[in-house]
Amino acid sequence: MNTSNTSASLNVSVWRGTSDGGEFRSYQVPVQSNQTVLDVVTWIQQRIDNTLSYRFACRVGMCGSCAMTVNGEPRWTCRTHVNNVTENATLEIAPLRNLPVIKDLTTNMDPFFDKWIKAGGVHEPSALRNDPMVPVNPESKARKVASEGVECINCAVCYSACDTVAANPDYLGPAALQRAWTLVNDVKHNGKNTVLSAVSESGGCHNCHSHGSCTRYCPVELNPMKAVAGLKKSTVLSLLRS
Amino acid sequence: MIKPGRSNPLWLAFVLHRLSGVVLALFLPLHFYVLSLALTSPAALDNFLAFSDLFVVKVAETLLVLLLAVHLFGGLRLMAMEWLPWTDRQKSLAAASVALGAGVACMFFLKVI
Ligand code: SF4
Ligand code: SF4
Ligand code: FES
């Protein structure tokens, strides 16, 4: 990172507190070139208040742990440049919405991952280790559909953006449903019907209102709304067939 | 406390669909009541029809037609999204369904005025 300082500074409000309550506190952070939102949070934690809690790991958009609400929008902070999101040199940084806040900018991701499992997102092998390997044609229609969702980094940005999750805490949410859709299209997955019935239950894919906020904000440009639409159609077709 | 991010045209399309749906649900019982007047009380129906000749009532009716048409085309868009092969042009389709609805409402207004 280029750390050449300028004299200008950013007015940064950072949410401090837990799910039980808290407040935005203001900090002045010097502007640096090529500065990401995560750099700003780190600067505050290292130079002003080391009790500030936040989470990150890879800093290159791989691990999905650094997501926060930046100026009202959910974002991966390690890949979000301050220049692209500041308005009048002000930044408001809060934890992700729709998840319990452990402290400050750190959310408890348990409900998010519990829903992956609830949506049938655990791989069920279709062969044992001594069975011959089944070739998978990367050009087949099903594999192409499955591949569309596999780059998900589990950042919960889509989950935080989804108003249906906000209104119905039981809704599985875009990421878990997208994972389910990937498994439905994965020929190596044995539990296709288990997945389809898991996502048909209350809180499942038919709760989606197609606002597309998930797709709008997904930092790796996946399309959970499309995956949920695929699930809606497949669950109805499988019901009609049975 | 934490504001949700909603800068998304499809989110607006959702709100429009929901609002038009609610207004239609409120309007339809009233509509059927007025129709029933033809059988139960023709004089009251005549009074109502005279009232509906007022310009401001026509504007209100046009608004209702707009909501009905927007709800209809928006609903068709959602069904197409779920049942037809996927297209990435969802925002354009949402805009087109609002435009079609507005077109129908304009035609209605020109006809009743
Ligand atoms: S399209 Fe569905 S999953 Fe995506 S934000 Fe809207 S309700 Fe949530
Ligand atoms: S679908 Fe996109 S926004 Fe949602 S968890 Fe995966 S990478 Fe993050
Ligand atoms: S720190 Fe890993 S994605 Fe941001």
# chains A, B, ... in the order shown; residues from 1 in each chain; ligands from 1
$ interface_residues --of "chain A" --to "chain B" --cutoff "7 Å" --atoms "only C-alpha atoms" --output "ChimeraX atom specification"
/A:72-74,94,97,161,211-213,216,229-230,232-233
$ closest_atom_pairs --of "chain A" --to "ligand 2" --cutoff "6 Å" --atoms "only C-alpha atoms and all ligand atoms" --output "CSV"
residue,atom,partner,partner_atom_place_in_ligand_line,distance
A:Cys152,CA,ligand 2,6 (Fe),3.7
A:Ile153,CA,ligand 2,7 (S),4.4
A:Asn154,CA,ligand 2,5 (S),3.8
A:Cys155,CA,ligand 2,8 (Fe),4.0
A:Ala156,CA,ligand 2,5 (S),4.1
A:Val157,CA,ligand 2,3 (S),4.2
A:Cys158,CA,ligand 2,3 (S),4.0
A:Ala175,CA,ligand 2,4 (Fe),4.7
A:Cys218,CA,ligand 2,3 (S),3.6
A:Pro219,CA,ligand 2,3 (S),5.8
A:Val220,CA,ligand 2,7 (S),5.5
A:Leu222,CA,ligand 2,2 (Fe),5.5
A:Pro224,CA,ligand 2,1 (S),5.9
$ residues_near_ligand --ligand "ligand 3" --cutoff "10 Å" --atoms "only C-alpha atoms and all ligand atoms" --output "ChimeraX atom specification"
/A:38,55-68,75-80,153-155,219
$ write_last_selection --atoms "N, CA and C atoms" --output "compact mmCIF listing (two decimals), in the first residue's frame"
# COMPACT_ATOMS: atom_id res chain seq x y z
N LEU A 38 -11.10 -0.90 5.05
CA LEU A 38 -10.48 -1.73 6.09
C LEU A 38 -9.22 -1.04 6.64
N ARG A 55 -13.30 -7.60 12.15
CA ARG A 55 -12.81 -8.91 11.71
C ARG A 55 -12.26 -8.81 10.29
N PHE A 56 -11.14 -9.43 10.05
CA PHE A 56 -10.61 -9.56 8.69
C PHE A 56 -9.61 -10.69 8.69
N ALA A 57 -9.23 -11.15 7.51
CA ALA A 57 -8.18 -12.17 7.45
C ALA A 57 -7.31 -11.93 6.22
N CYS A 58 -7.86 -12.14 5.01
CA CYS A 58 -6.98 -12.20 3.82
C CYS A 58 -6.59 -10.83 3.28
N ARG A 59 -7.44 -9.86 3.41
CA ARG A 59 -7.26 -8.50 2.87
C ARG A 59 -7.19 -8.44 1.34
N VAL A 60 -7.54 -9.53 0.68
CA VAL A 60 -7.54 -9.51 -0.79
C VAL A 60 -8.85 -10.03 -1.38
N GLY A 61 -9.94 -9.99 -0.61
CA GLY A 61 -11.22 -10.38 -1.19
C GLY A 61 -11.39 -11.88 -1.38
N MET A 62 -10.77 -12.67 -0.54
CA MET A 62 -10.91 -14.12 -0.68
C MET A 62 -11.71 -14.75 0.47
N CYS A 63 -11.52 -14.24 1.69
CA CYS A 63 -12.02 -14.98 2.85
C CYS A 63 -13.44 -14.59 3.24
N GLY A 64 -13.89 -13.41 2.85
CA GLY A 64 -15.26 -13.01 3.16
C GLY A 64 -15.50 -12.60 4.60
N SER A 65 -14.44 -12.26 5.35
CA SER A 65 -14.67 -11.99 6.78
C SER A 65 -14.79 -10.50 7.11
N CYS A 66 -14.53 -9.61 6.16
CA CYS A 66 -14.37 -8.19 6.50
C CYS A 66 -15.59 -7.34 6.16
N ALA A 67 -16.73 -7.98 5.84
CA ALA A 67 -17.86 -7.19 5.36
C ALA A 67 -18.46 -6.32 6.47
N MET A 68 -18.81 -5.09 6.10
CA MET A 68 -19.43 -4.14 7.03
C MET A 68 -20.40 -3.27 6.23
N ARG A 75 -20.68 -3.92 2.21
CA ARG A 75 -19.53 -4.02 1.30
C ARG A 75 -18.43 -4.86 1.91
N TRP A 76 -17.58 -5.42 1.03
CA TRP A 76 -16.34 -6.03 1.54
C TRP A 76 -15.35 -4.89 1.73
N THR A 77 -14.90 -4.69 2.95
CA THR A 77 -14.15 -3.46 3.21
C THR A 77 -12.71 -3.53 2.72
N CYS A 78 -12.14 -4.73 2.58
CA CYS A 78 -10.73 -4.80 2.14
C CYS A 78 -10.58 -4.44 0.68
N ARG A 79 -11.68 -4.54 -0.10
CA ARG A 79 -11.60 -4.22 -1.52
C ARG A 79 -12.40 -2.96 -1.85
N THR A 80 -12.83 -2.25 -0.83
CA THR A 80 -13.60 -1.03 -1.09
C THR A 80 -12.70 0.18 -0.87
N ILE A 153 -17.86 -16.28 -1.47
CA ILE A 153 -16.85 -16.22 -0.41
C ILE A 153 -17.51 -16.14 0.98
N ASN A 154 -18.79 -16.40 1.07
CA ASN A 154 -19.51 -16.45 2.36
C ASN A 154 -19.38 -15.15 3.16
N CYS A 155 -19.46 -14.03 2.47
CA CYS A 155 -19.23 -12.77 3.18
C CYS A 155 -20.48 -12.24 3.85
N PRO A 219 -20.27 -8.72 -3.79
CA PRO A 219 -19.01 -8.13 -4.24
C PRO A 219 -18.32 -8.96 -5.33
$ select_by_dssp --residues "chain B" --states "alpha helix (DSSP H)" --output "PyMOL selection string"
chain B and resi 9-40+42-51+55-83+90-112
$ closest_residue --among "B:Phe32, B:Leu68, B:Ser97, B:Leu19" --to "Ala80 (chain B)" --atoms "only C-alpha atoms"
B:Ser97
$ residues_around --residues "Val195 (chain A)" --least-positions-apart "4" --cutoff "12 Å" --atoms "only C-alpha atoms" --output "count of residues only"
32
